[in-house]
file run25.pdb (PDB, C-alpha atoms)
ATOM      1  CA  MET S   1     -39.229 -35.875 -37.739
ATOM      2  CA  ALA S   2     -42.934 -35.019 -37.983
ATOM      3  CA  SER S   3     -42.497 -34.225 -41.692
ATOM      4  CA  PHE S   4     -41.339 -37.813 -42.216
ATOM      5  CA  ALA S   5     -44.668 -39.067 -40.885
ATOM      6  CA  ARG S   6     -46.596 -36.621 -43.098
ATOM      7  CA  GLN S   7     -44.760 -37.867 -46.178
ATOM      8  CA  LEU S   8     -45.481 -41.455 -45.251
ATOM      9  CA  ARG S   9     -49.169 -40.729 -44.638
ATOM     10  CA  ALA S  10     -49.377 -38.921 -47.985
ATOM     11  CA  ARG S  11     -48.554 -42.242 -49.631
ATOM     12  CA  GLY S  12     -51.035 -44.136 -47.523
ATOM     13  CA  TRP S  13     -48.400 -45.514 -45.155
ATOM     14  CA  SER S  14     -49.126 -45.638 -41.458
ATOM     15  CA  CYS S  15     -46.919 -44.660 -38.522
ATOM     16  CA  VAL S  16     -47.744 -44.760 -34.838
ATOM     17  CA  PRO S  17     -46.196 -42.686 -32.041
ATOM     18  CA  ILE S  18     -43.181 -44.117 -30.295
ATOM     19  CA  THR S  19     -41.038 -43.472 -27.287
ATOM     20  CA  PRO S  20     -37.920 -41.662 -28.522
ATOM     21  CA  SER S  21     -34.630 -43.525 -28.314
ATOM     22  CA  THR S  22     -31.508 -42.393 -26.541
ATOM     23  CA  SER S  23     -30.307 -38.883 -27.240
ATOM     24  CA  ALA S  24     -28.900 -38.212 -30.686
ATOM     25  CA  ALA S  25     -25.961 -36.567 -28.949
ATOM     26  CA  ALA S  26     -24.571 -39.902 -27.806
ATOM     27  CA  PRO S  27     -20.806 -40.432 -28.079
ATOM     28  CA  GLY S  28     -19.367 -40.889 -31.531
ATOM     29  CA  LEU S  29     -22.288 -39.533 -33.528
ATOM     30  CA  GLY S  30     -20.167 -36.857 -35.139
ATOM     31  CA  ALA S  31     -21.038 -33.291 -36.040
ATOM     32  CA  PRO S  32     -24.699 -32.343 -36.577
ATOM     33  CA  ARG S  33     -26.066 -31.903 -40.060
ATOM     34  CA  GLY S  34     -24.855 -28.650 -41.556
ATOM     35  CA  ALA S  35     -21.679 -28.495 -39.476
ATOM     36  CA  PRO S  36     -18.574 -27.452 -41.484
ATOM     37  CA  ARG S  37     -16.503 -30.313 -42.822
ATOM     38  CA  ARG S  38     -12.781 -30.406 -42.050
ATOM     39  CA  ALA S  39     -10.872 -28.580 -44.738
ATOM     40  CA  VAL S  40      -7.547 -30.396 -44.451
ATOM     41  CA  THR S  41      -6.670 -33.879 -45.640
ATOM     42  CA  ALA S  42      -7.001 -36.760 -43.219
ATOM     43  CA  ALA S  43      -3.319 -37.663 -43.228
ATOM     44  CA  ALA S  44      -2.006 -34.115 -42.899
ATOM     45  CA  ALA S  45      -4.320 -33.348 -39.984
ATOM     46  CA  ALA S  46      -2.671 -35.797 -37.597
ATOM     47  CA  GLY S  47       0.955 -35.994 -38.681
ATOM     48  CA  PRO S  48       3.255 -38.887 -39.584
ATOM     49  CA  GLN S  49       1.688 -41.409 -37.183
ATOM     50  CA  ARG S  50      -1.779 -40.956 -38.648
ATOM     51  CA  ALA S  51      -0.332 -41.121 -42.160
ATOM     52  CA  ARG S  52       1.170 -44.516 -41.313
ATOM     53  CA  GLU S  53      -2.159 -45.734 -39.914
ATOM     54  CA  LEU S  54      -3.917 -44.670 -43.117
ATOM     55  CA  ALA S  55      -1.257 -45.958 -45.514
ATOM     56  CA  ALA S  56      -3.152 -49.152 -46.413
ATOM     57  CA  VAL S  57      -6.559 -47.429 -46.571
ATOM     58  CA  ALA S  58      -8.105 -46.789 -49.976
ATOM     59  CA  PRO S  59      -7.701 -43.078 -50.840
ATOM     60  CA  GLU S  60     -11.454 -42.539 -51.186
ATOM     61  CA  ASN S  61     -12.019 -43.896 -47.646
ATOM     62  CA  ARG S  62      -9.255 -42.067 -45.766
ATOM     63  CA  GLN S  63     -11.363 -39.108 -44.649
ATOM     64  CA  GLU S  64     -13.952 -41.341 -42.970
ATOM     65  CA  VAL S  65     -11.380 -43.728 -41.524
ATOM     66  CA  ALA S  66      -9.382 -40.812 -40.101
ATOM     67  CA  GLY S  67     -12.510 -39.704 -38.239
ATOM     68  CA  ILE S  68     -12.965 -43.220 -36.871
ATOM     69  CA  LEU S  69      -9.337 -43.242 -35.689
ATOM     70  CA  ASP S  70     -10.083 -39.982 -33.871
ATOM     71  CA  LEU S  71     -12.935 -41.770 -32.102
ATOM     72  CA  ALA S  72     -10.522 -44.566 -31.204
ATOM     73  CA  GLU S  73      -8.244 -42.080 -29.469
ATOM     74  CA  GLN S  74     -11.207 -40.663 -27.549
ATOM     75  CA  ALA S  75     -12.309 -44.162 -26.539
ATOM     76  CA  ALA S  76      -8.833 -44.991 -25.257
ATOM     77  CA  ARG S  77      -8.520 -41.776 -23.246
ATOM     78  CA  GLY S  78     -12.016 -41.915 -21.788
ATOM     79  CA  TRP S  79     -12.215 -45.662 -21.111
ATOM     80  CA  GLU S  80     -15.576 -45.780 -22.909
ATOM     81  CA  LEU S  81     -17.145 -47.124 -26.072
ATOM     82  CA  ARG S  82     -17.419 -44.847 -29.071
ATOM     83  CA  TRP S  83     -19.156 -45.509 -32.368
ATOM     84  CA  SER S  84     -19.111 -44.015 -35.842
ATOM     85  CA  ARG S  85     -21.960 -43.147 -38.140
ATOM     86  CA  PHE S  86     -23.193 -45.868 -40.483
ATOM     87  CA  VAL S  87     -20.540 -46.661 -43.070
ATOM     88  CA  THR S  88     -20.390 -48.756 -46.228
ATOM     89  CA  PRO S  89     -18.702 -52.191 -46.267
ATOM     90  CA  PRO S  90     -15.449 -50.921 -47.896
ATOM     91  CA  VAL S  91     -15.100 -48.176 -45.273
ATOM     92  CA  ALA S  92     -15.893 -50.649 -42.495
ATOM     93  CA  ALA S  93     -13.207 -53.052 -43.736
ATOM     94  CA  ASP S  94     -10.602 -50.283 -43.936
ATOM     95  CA  ALA S  95     -11.589 -48.882 -40.534
ATOM     96  CA  LEU S  96     -11.353 -52.250 -38.780
ATOM     97  CA  ALA S  97      -7.937 -52.859 -40.335
ATOM     98  CA  ALA S  98      -6.709 -49.402 -39.307
ATOM     99  CA  VAL S  99      -7.951 -49.717 -35.714
ATOM    100  CA  SER S 100      -6.304 -53.145 -35.437
ATOM    101  CA  GLN S 101      -2.944 -51.348 -35.607
ATOM    102  CA  LEU S 102      -3.684 -49.514 -32.350
ATOM    103  CA  ALA S 103      -2.435 -51.032 -29.109
ATOM    104  CA  GLU S 104      -5.069 -49.858 -26.612
ATOM    105  CA  VAL S 105      -8.398 -50.349 -28.393
ATOM    106  CA  SER S 106     -10.269 -52.823 -30.575
ATOM    107  CA  ALA S 107     -13.233 -52.411 -32.903
ATOM    108  CA  MET S 108     -16.212 -54.287 -34.297
ATOM    109  CA  ALA S 109     -18.886 -53.526 -36.892
ATOM    110  CA  TRP S 110     -22.569 -53.594 -35.885
ATOM    111  CA  GLY S 111     -25.586 -52.764 -38.006
ATOM    112  CA  GLY S 112     -28.420 -54.210 -35.930
ATOM    113  CA  TYR S 113     -28.200 -57.819 -37.118
ATOM    114  CA  PRO S 114     -25.308 -60.139 -38.076
ATOM    115  CA  GLN S 115     -25.701 -59.867 -41.869
ATOM    116  CA  ALA S 116     -26.112 -56.071 -41.945
ATOM    117  CA  GLU S 117     -24.455 -54.337 -44.878
ATOM    118  CA  ARG S 118     -24.254 -50.799 -43.506
ATOM    119  CA  CYS S 119     -22.752 -50.811 -40.016
ATOM    120  CA  ARG S 120     -21.466 -48.558 -37.287
ATOM    121  CA  ILE S 121     -17.904 -49.126 -36.095
ATOM    122  CA  VAL S 122     -17.889 -49.652 -32.318
ATOM    123  CA  ILE S 123     -14.547 -48.910 -30.648
ATOM    124  CA  GLY S 124     -13.216 -49.312 -27.131
ATOM    125  CA  ARG S 125     -10.797 -51.107 -24.887
ATOM    126  CA  GLU S 126     -11.204 -54.849 -25.241
ATOM    127  CA  GLU S 127     -12.537 -55.326 -21.715
ATOM    128  CA  LEU S 128     -15.391 -52.928 -22.529
ATOM    129  CA  LEU S 129     -15.957 -54.332 -25.988
ATOM    130  CA  ALA S 130     -16.105 -57.988 -24.923
ATOM    131  CA  PRO S 131     -19.795 -57.941 -23.832
ATOM    132  CA  ALA S 132     -20.729 -56.310 -27.136
ATOM    133  CA  ARG S 133     -18.945 -59.020 -29.101
ATOM    134  CA  ALA S 134     -20.822 -61.692 -27.162
ATOM    135  CA  ASP S 135     -24.296 -60.138 -27.483
ATOM    136  CA  PRO S 136     -24.325 -56.872 -29.477
ATOM    137  CA  ALA S 137     -28.125 -56.627 -29.646
ATOM    138  CA  SER S 138     -28.334 -56.425 -25.840
ATOM    139  CA  ALA S 139     -25.054 -54.701 -25.012
ATOM    140  CA  LEU S 140     -25.178 -51.907 -27.595
ATOM    141  CA  ASP S 141     -27.730 -49.112 -27.917
ATOM    142  CA  CYS S 142     -26.248 -47.455 -30.983
ATOM    143  CA  VAL S 143     -28.660 -48.977 -33.522
ATOM    144  CA  ALA S 144     -32.457 -48.869 -33.401
ATOM    145  CA  ALA S 145     -35.115 -50.374 -35.650
ATOM    146  CA  VAL S 146     -38.118 -48.497 -37.052
ATOM    147  CA  ASP S 147     -41.151 -50.365 -38.407
ATOM    148  CA  VAL S 148     -42.996 -48.666 -41.298
ATOM    149  CA  ARG S 149     -46.373 -50.309 -41.968
ATOM    150  CA  GLY S 150     -48.802 -49.908 -44.845
ATOM    151  CA  ASN S 151     -50.742 -51.736 -47.546
ATOM    152  CA  PHE S 152     -48.485 -52.017 -50.560
ATOM    153  CA  MET S 153     -50.441 -54.697 -52.405
ATOM    154  CA  PHE S 154     -51.510 -52.318 -55.179
ATOM    155  CA  ASP S 155     -48.758 -49.734 -54.788
ATOM    156  CA  PRO S 156     -45.494 -51.663 -54.318
ATOM    157  CA  ALA S 157     -42.635 -49.738 -52.705
ATOM    158  CA  SER S 158     -38.985 -50.578 -53.243
ATOM    159  CA  HIS S 159     -35.888 -50.071 -51.147
ATOM    160  CA  ARG S 160     -35.312 -46.825 -53.042
ATOM    161  CA  ASP S 161     -38.840 -45.595 -52.252
ATOM    162  CA  PHE S 162     -38.462 -46.091 -48.508
ATOM    163  CA  LEU S 163     -34.959 -44.642 -48.423
ATOM    164  CA  GLY S 164     -36.006 -41.672 -50.557
ATOM    165  CA  ALA S 165     -38.956 -40.868 -48.279
ATOM    166  CA  LEU S 166     -36.681 -40.990 -45.252
ATOM    167  CA  LEU S 167     -33.966 -38.817 -46.780
ATOM    168  CA  GLY S 168     -36.646 -36.436 -48.050
ATOM    169  CA  THR S 169     -37.347 -35.414 -44.459
ATOM    170  CA  GLY S 170     -33.809 -34.024 -44.132
ATOM    171  CA  VAL S 171     -32.272 -37.090 -42.523
ATOM    172  CA  VAL S 172     -28.716 -37.617 -43.800
ATOM    173  CA  ARG S 173     -27.649 -40.958 -45.229
ATOM    174  CA  GLU S 174     -24.983 -41.484 -42.566
ATOM    175  CA  VAL S 175     -27.593 -41.996 -39.835
ATOM    176  CA  VAL S 176     -29.525 -44.648 -41.781
ATOM    177  CA  GLY S 177     -28.449 -48.278 -41.899
ATOM    178  CA  ASP S 178     -30.066 -51.091 -43.854
ATOM    179  CA  VAL S 179     -33.623 -50.912 -45.178
ATOM    180  CA  LEU S 180     -35.362 -54.294 -44.998
ATOM    181  CA  VAL S 181     -38.319 -54.265 -47.395
ATOM    182  CA  GLN S 182     -41.172 -56.473 -46.154
ATOM    183  CA  GLY S 183     -43.117 -56.847 -49.406
ATOM    184  CA  GLU S 184     -46.797 -55.863 -49.111
ATOM    185  CA  GLY S 185     -46.484 -54.971 -45.432
ATOM    186  CA  GLY S 186     -43.923 -52.155 -45.492
ATOM    187  CA  ALA S 187     -40.323 -52.027 -44.351
ATOM    188  CA  GLN S 188     -38.025 -51.991 -41.345
ATOM    189  CA  VAL S 189     -35.256 -49.432 -41.185
ATOM    190  CA  LEU S 190     -32.125 -49.484 -39.034
ATOM    191  CA  VAL S 191     -31.317 -45.982 -37.814
ATOM    192  CA  ARG S 192     -28.988 -44.085 -35.535
ATOM    193  CA  SER S 193     -31.855 -42.485 -33.623
ATOM    194  CA  VAL S 194     -35.579 -43.019 -33.824
ATOM    195  CA  PRO S 195     -38.020 -40.468 -35.381
ATOM    196  CA  VAL S 196     -40.773 -39.485 -32.957
ATOM    197  CA  GLU S 197     -43.541 -40.363 -35.456
ATOM    198  CA  ALA S 198     -42.578 -43.975 -36.083
ATOM    199  CA  ARG S 199     -42.756 -47.070 -33.918
ATOM    200  CA  ARG S 200     -39.519 -48.364 -32.504
ATOM    201  CA  VAL S 201     -39.247 -52.144 -32.424
ATOM    202  CA  ALA S 202     -36.787 -54.407 -30.642
ATOM    203  CA  LEU S 203     -33.908 -55.703 -32.705
ATOM    204  CA  SER S 204     -35.170 -59.195 -31.907
ATOM    205  CA  GLU S 205     -38.323 -58.366 -33.927
ATOM    206  CA  LEU S 206     -36.415 -57.765 -37.154
ATOM    207  CA  ARG S 207     -37.599 -59.944 -40.005
ATOM    208  CA  VAL S 208     -34.340 -60.363 -41.863
ATOM    209  CA  PRO S 209     -34.634 -61.810 -45.382
ATOM    210  CA  PRO S 210     -33.179 -65.320 -45.759
ATOM    211  CA  ALA S 211     -29.399 -65.216 -45.965
ATOM    212  CA  GLN S 212     -27.779 -65.799 -49.296
ATOM    213  CA  ALA S 213     -24.879 -68.169 -49.737
ATOM    214  CA  SER S 214     -22.257 -67.650 -47.039
ATOM    215  CA  LEU S 215     -18.922 -67.975 -48.813
ATOM    216  CA  ARG S 216     -15.916 -67.963 -46.505
ATOM    217  CA  LEU S 217     -12.622 -66.990 -48.060
ATOM    218  CA  ASP S 218     -10.783 -70.059 -46.732
ATOM    219  CA  ALA S 219     -13.432 -72.467 -48.056
ATOM    220  CA  VAL S 220     -13.688 -70.967 -51.544
ATOM    221  CA  ALA S 221      -9.942 -70.408 -51.915
ATOM    222  CA  SER S 222      -9.049 -73.933 -50.789
ATOM    223  CA  ALA S 223     -11.395 -75.365 -53.416
ATOM    224  CA  GLY S 224     -10.190 -72.980 -56.103
ATOM    225  CA  PHE S 225      -6.510 -73.702 -55.478
ATOM    226  CA  ARG S 226      -7.087 -77.404 -54.697
ATOM    227  CA  MET S 227      -5.512 -77.512 -51.277
ATOM    228  CA  GLY S 228      -6.613 -78.246 -47.731
ATOM    229  CA  ARG S 229      -8.766 -75.668 -45.970
ATOM    230  CA  GLY S 230      -6.410 -75.601 -42.971
ATOM    231  CA  ALA S 231      -3.399 -74.958 -45.186
ATOM    232  CA  MET S 232      -5.264 -72.153 -46.952
ATOM    233  CA  ALA S 233      -6.243 -70.619 -43.606
ATOM    234  CA  ASP S 234      -2.548 -70.577 -42.645
ATOM    235  CA  LEU S 235      -1.658 -68.792 -45.904
ATOM    236  CA  ILE S 236      -4.380 -66.226 -45.270
ATOM    237  CA  LYS S 237      -3.176 -65.541 -41.717
ATOM    238  CA  SER S 238       0.425 -65.174 -42.916
ATOM    239  CA  GLY S 239      -0.567 -62.480 -45.424
ATOM    240  CA  ASP S 240       0.005 -64.528 -48.596
ATOM    241  CA  VAL S 241      -3.596 -64.176 -49.805
ATOM    242  CA  ARG S 242      -5.215 -61.102 -51.336
ATOM    243  CA  LEU S 243      -8.907 -60.451 -51.920
ATOM    244  CA  GLN S 244      -9.674 -57.878 -54.600
ATOM    245  CA  TRP S 245      -5.919 -57.150 -54.642
ATOM    246  CA  ARG S 246      -5.853 -56.194 -50.976
ATOM    247  CA  GLU S 247      -4.242 -58.191 -48.177
ATOM    248  CA  VAL S 248      -6.663 -59.963 -45.860
ATOM    249  CA  LYS S 249      -5.741 -62.031 -42.802
ATOM    250  CA  LYS S 250      -9.107 -63.379 -41.651
ATOM    251  CA  PRO S 251     -10.143 -66.779 -43.094
ATOM    252  CA  SER S 252     -13.778 -66.033 -42.199
ATOM    253  CA  VAL S 253     -14.067 -63.015 -44.523
ATOM    254  CA  GLU S 254     -16.923 -63.575 -46.968
ATOM    255  CA  VAL S 255     -16.457 -63.394 -50.720
ATOM    256  CA  LYS S 256     -18.996 -62.905 -53.509
ATOM    257  CA  GLU S 257     -19.484 -63.318 -57.207
ATOM    258  CA  GLY S 258     -16.930 -61.294 -59.171
ATOM    259  CA  ASP S 259     -14.288 -61.269 -56.418
ATOM    260  CA  VAL S 260     -10.689 -62.075 -57.296
ATOM    261  CA  ILE S 261      -8.629 -64.163 -54.869
ATOM    262  CA  SER S 262      -4.867 -64.311 -55.410
ATOM    263  CA  VAL S 263      -2.280 -66.414 -53.588
ATOM    264  CA  ALA S 264       1.424 -65.631 -53.728
ATOM    265  CA  GLY S 265       3.122 -67.994 -56.153
ATOM    266  CA  LYS S 266      -0.095 -69.831 -57.043
ATOM    267  CA  GLY S 267      -1.953 -67.451 -59.352
ATOM    268  CA  ARG S 268      -5.477 -66.149 -58.888
ATOM    269  CA  VAL S 269      -9.080 -67.301 -58.911
ATOM    270  CA  THR S 270     -12.102 -65.274 -60.063
ATOM    271  CA  ILE S 271     -15.519 -66.249 -58.678
ATOM    272  CA  LYS S 272     -17.751 -66.459 -61.753
ATOM    273  CA  GLY S 273     -21.026 -67.463 -60.137
ATOM    274  CA  VAL S 274     -22.846 -69.085 -57.223
ATOM    275  CA  GLU S 275     -25.734 -71.518 -57.783
ATOM    276  CA  GLN S 276     -27.858 -73.702 -55.539
ATOM    277  CA  ASN S 277     -28.289 -77.330 -56.539
ATOM    278  CA  LYS S 278     -31.344 -79.551 -56.002
ATOM    279  CA  LYS S 279     -30.061 -80.640 -52.605
ATOM    280  CA  GLY S 280     -29.924 -77.038 -51.407
ATOM    281  CA  LYS S 281     -26.138 -76.846 -51.466
ATOM    282  CA  PHE S 282     -24.296 -73.955 -53.054
ATOM    283  CA  VAL S 283     -22.009 -74.575 -56.029
ATOM    284  CA  VAL S 284     -19.303 -72.037 -56.770
ATOM    285  CA  LYS S 285     -18.097 -71.565 -60.338
ATOM    286  CA  TYR S 286     -14.664 -70.038 -60.678
ATOM    287  CA  GLU S 287     -11.934 -69.353 -63.225
ATOM    288  CA  ARG S 288      -8.322 -69.917 -62.276
ATOM    289  CA  LEU S 289      -5.363 -68.125 -63.873
ATOM    290  CA  LEU S 290      -1.906 -69.482 -63.147
TER
END
call {"tool": "encode", "arguments": {"input": "run25.pdb", "output": "structure tokens"}}
result
Amino acid sequence: MASFARQLRARGWSCVPITPSTSAAAPGLGAPRGAPRRAVTAAAAAGPQRARELAAVAPENRQEVAGILDLAEQAARGWELRWSRFVTPPVAADALAAVSQLAEVSAMAWGGYPQAERCRIVIGREELLAPARADPASALDCVAAVDVRGNFMFDPASHRDFLGALLGTGVVREVVGDVLVQGEGGAQVLVRSVPVEARRVALSELRVPPAQASLRLDAVASAGFRMGRGAMADLIKSGDVRLQWREVKKPSVEVKEGDVISVAGKGRVTIKGVEQNKKGKFVVKYERLL
């Protein structure tokens, strides 16, 4: 990754040597860059059982989810944790739902901090996964943080600038998680493995931007449909609620502006906006269609 450092220095950014992280050949990292991609479809590759597991997965996500299901099989056979590359939120949601159908393993998403957008899917038998659920930052070594420092007061750099410089070194997008821009000071990048010309920092040192409104599905839906939150949670768990036209059974799933929530027999609600009032509380505007 020395070329990465040269590109950063060319822009006046500074990097300091680090101790490399764990080997990039750790379990679940997938094929190296340039390896041939599988030529057959995800469903056809594994037969009827895999086709059933992928039935509810969005067509554009099936290839990635099929690979994650392969990792699940390896985790079950080897009694070990496996993890995917970084995936987008839609792929993560489909992957977690698909793995939940399997009897021997469970899965969780981890991107270095609780609000991470791009995450790796960690899979294993529940007894192995339990410590990771309790304290992922300490129990998992599949995500590392890189601190990129510089003076950006007169040459501001955006998320796209940092990501572009990183990808320009030949790093593929699948090994890069979130990029946390730090204003005039630089950025912090979550990665699969750490370049040897940047400084690795502990996950506890991440300076995560303030969280936006946390909108739980059960809370927003209960207000939108004018019913008790507990009753709405029961409807969600029973499969009577859909988010963006897809079934969801976790009341804690977060929703956002533009999402459509539908309840069987009760119509649908579209979230039109989220505002913060003078008291610091969030106000959700929605439109209900019966």
call {"tool": "residues_around", "arguments": {"input": "run25.pdb", "residues": "Trp110 (chain S)", "least_positions_apart": "5", "cutoff": "7 Å", "atoms": "only C-alpha atoms", "output": "ChimeraX atom specification"}}
result
/S:119-121
call {"tool": "resolve_selection", "arguments": {"input": "run25.pdb", "expression": "the PyMOL selection byres ((chain S and resi 174) around 6)", "output": "number ranges by chain"}}
result
S: 85-86, 172-173, 175-176
call {"tool": "write_last_selection", "arguments": {"input": "run25.pdb", "atoms": "C-alpha atoms", "output": "JSON list (two decimals), in the frame of the given file"}}
result
[["chain", "number", "residue", "atom", "x", "y", "z"],
["S", 85, "ARG", "CA", -21.96, -43.15, -38.14],
["S", 86, "PHE", "CA", -23.19, -45.87, -40.48],
["S", 172, "VAL", "CA", -28.72, -37.62, -43.80],
["S", 173, "ARG", "CA", -27.65, -40.96, -45.23],
["S", 175, "VAL", "CA", -27.59, -42.00, -39.84],
["S", 176, "VAL", "CA", -29.52, -44.65, -41.78]]
call {"tool": "resolve_selection", "arguments": {"input": "run25.pdb", "expression": "the PyMOL selection byres ((chain S and resi 58) around 12)", "output": "list in words"}}
result
Glu53, Leu54, Ala55, Ala56, Val57, Pro59, Glu60, Asn61, Arg62, Gln63, Glu64, Val65, Ala66, Pro90, Val91, Ala92, Ala93, Asp94, Ala95, Ala97, Ala98, Trp245 and Arg246 of chain S
call {"tool": "write_last_selection", "arguments": {"input": "run25.pdb", "atoms": "C-alpha atoms", "output": "PDB file, in the frame of the given file"}}
result
ATOM      1  CA  GLU S  53      -2.159 -45.734 -39.914  1.00  0.00           C
ATOM      2  CA  LEU S  54      -3.917 -44.670 -43.117  1.00  0.00           C
ATOM      3  CA  ALA S  55      -1.257 -45.958 -45.514  1.00  0.00           C
ATOM      4  CA  ALA S  56      -3.152 -49.152 -46.413  1.00  0.00           C
ATOM      5  CA  VAL S  57      -6.559 -47.429 -46.571  1.00  0.00           C
ATOM      6  CA  PRO S  59      -7.701 -43.078 -50.840  1.00  0.00           C
ATOM      7  CA  GLU S  60     -11.454 -42.539 -51.186  1.00  0.00           C
ATOM      8  CA  ASN S  61     -12.019 -43.896 -47.646  1.00  0.00           C
ATOM      9  CA  ARG S  62      -9.255 -42.067 -45.766  1.00  0.00           C
ATOM     10  CA  GLN S  63     -11.363 -39.108 -44.649  1.00  0.00           C
ATOM     11  CA  GLU S  64     -13.952 -41.341 -42.970  1.00  0.00           C
ATOM     12  CA  VAL S  65     -11.380 -43.728 -41.524  1.00  0.00           C
ATOM     13  CA  ALA S  66      -9.382 -40.812 -40.101  1.00  0.00           C
ATOM     14  CA  PRO S  90     -15.449 -50.921 -47.896  1.00  0.00           C
ATOM     15  CA  VAL S  91     -15.100 -48.176 -45.273  1.00  0.00           C
ATOM     16  CA  ALA S  92     -15.893 -50.649 -42.495  1.00  0.00           C
ATOM     17  CA  ALA S  93     -13.207 -53.052 -43.736  1.00  0.00           C
ATOM     18  CA  ASP S  94     -10.602 -50.283 -43.936  1.00  0.00           C
ATOM     19  CA  ALA S  95     -11.589 -48.882 -40.534  1.00  0.00           C
ATOM     20  CA  ALA S  97      -7.937 -52.859 -40.335  1.00  0.00           C
ATOM     21  CA  ALA S  98      -6.709 -49.402 -39.307  1.00  0.00           C
ATOM     22  CA  TRP S 245      -5.919 -57.150 -54.642  1.00  0.00           C
ATOM     23  CA  ARG S 246      -5.853 -56.194 -50.976  1.00  0.00           C
TER      24      ARG S 246
END
call {"tool": "resolve_selection", "arguments": {"input": "run25.pdb", "expression": "the PyMOL selection byres ((chain S and resi 218) around 10)", "output": "MDAnalysis selection string"}}
result
chainID S and resid 215:217 219:224 228:236 241 250:255
call {"tool": "axis_aligned_box", "arguments": {"input": "run25.pdb", "around": "region 240-251 of chain S", "padding_each_side": "3 Å", "output": "lines of an AutoDock Vina configuration file"}}
result
center_x = -5.1
center_y = -61.5
center_z = -48.1
size_x = 16.1
size_y = 16.6
size_z = 19.0
call {"tool": "closest_residue", "arguments": {"input": "run25.pdb", "among": "S:Val181, S:Ala165, S:Leu69, S:Val99", "to": "Arg149 (chain S)", "atoms": "all atoms listed in the file"}}
result
S:Val181
call {"tool": "closest_residue", "arguments": {"input": "run25.pdb", "among": "S:Glu275, S:Asp70, S:Glu287, S:Glu184", "to": "Ala157 (chain S)", "atoms": "all atoms listed in the file"}}
result
S:Glu184
call {"tool": "atom_distance", "arguments": {"input": "run25.pdb", "atom1": "CA of Val87 (chain S)", "atom2": "CA of His159 (chain S)"}}
result
17.7 Å
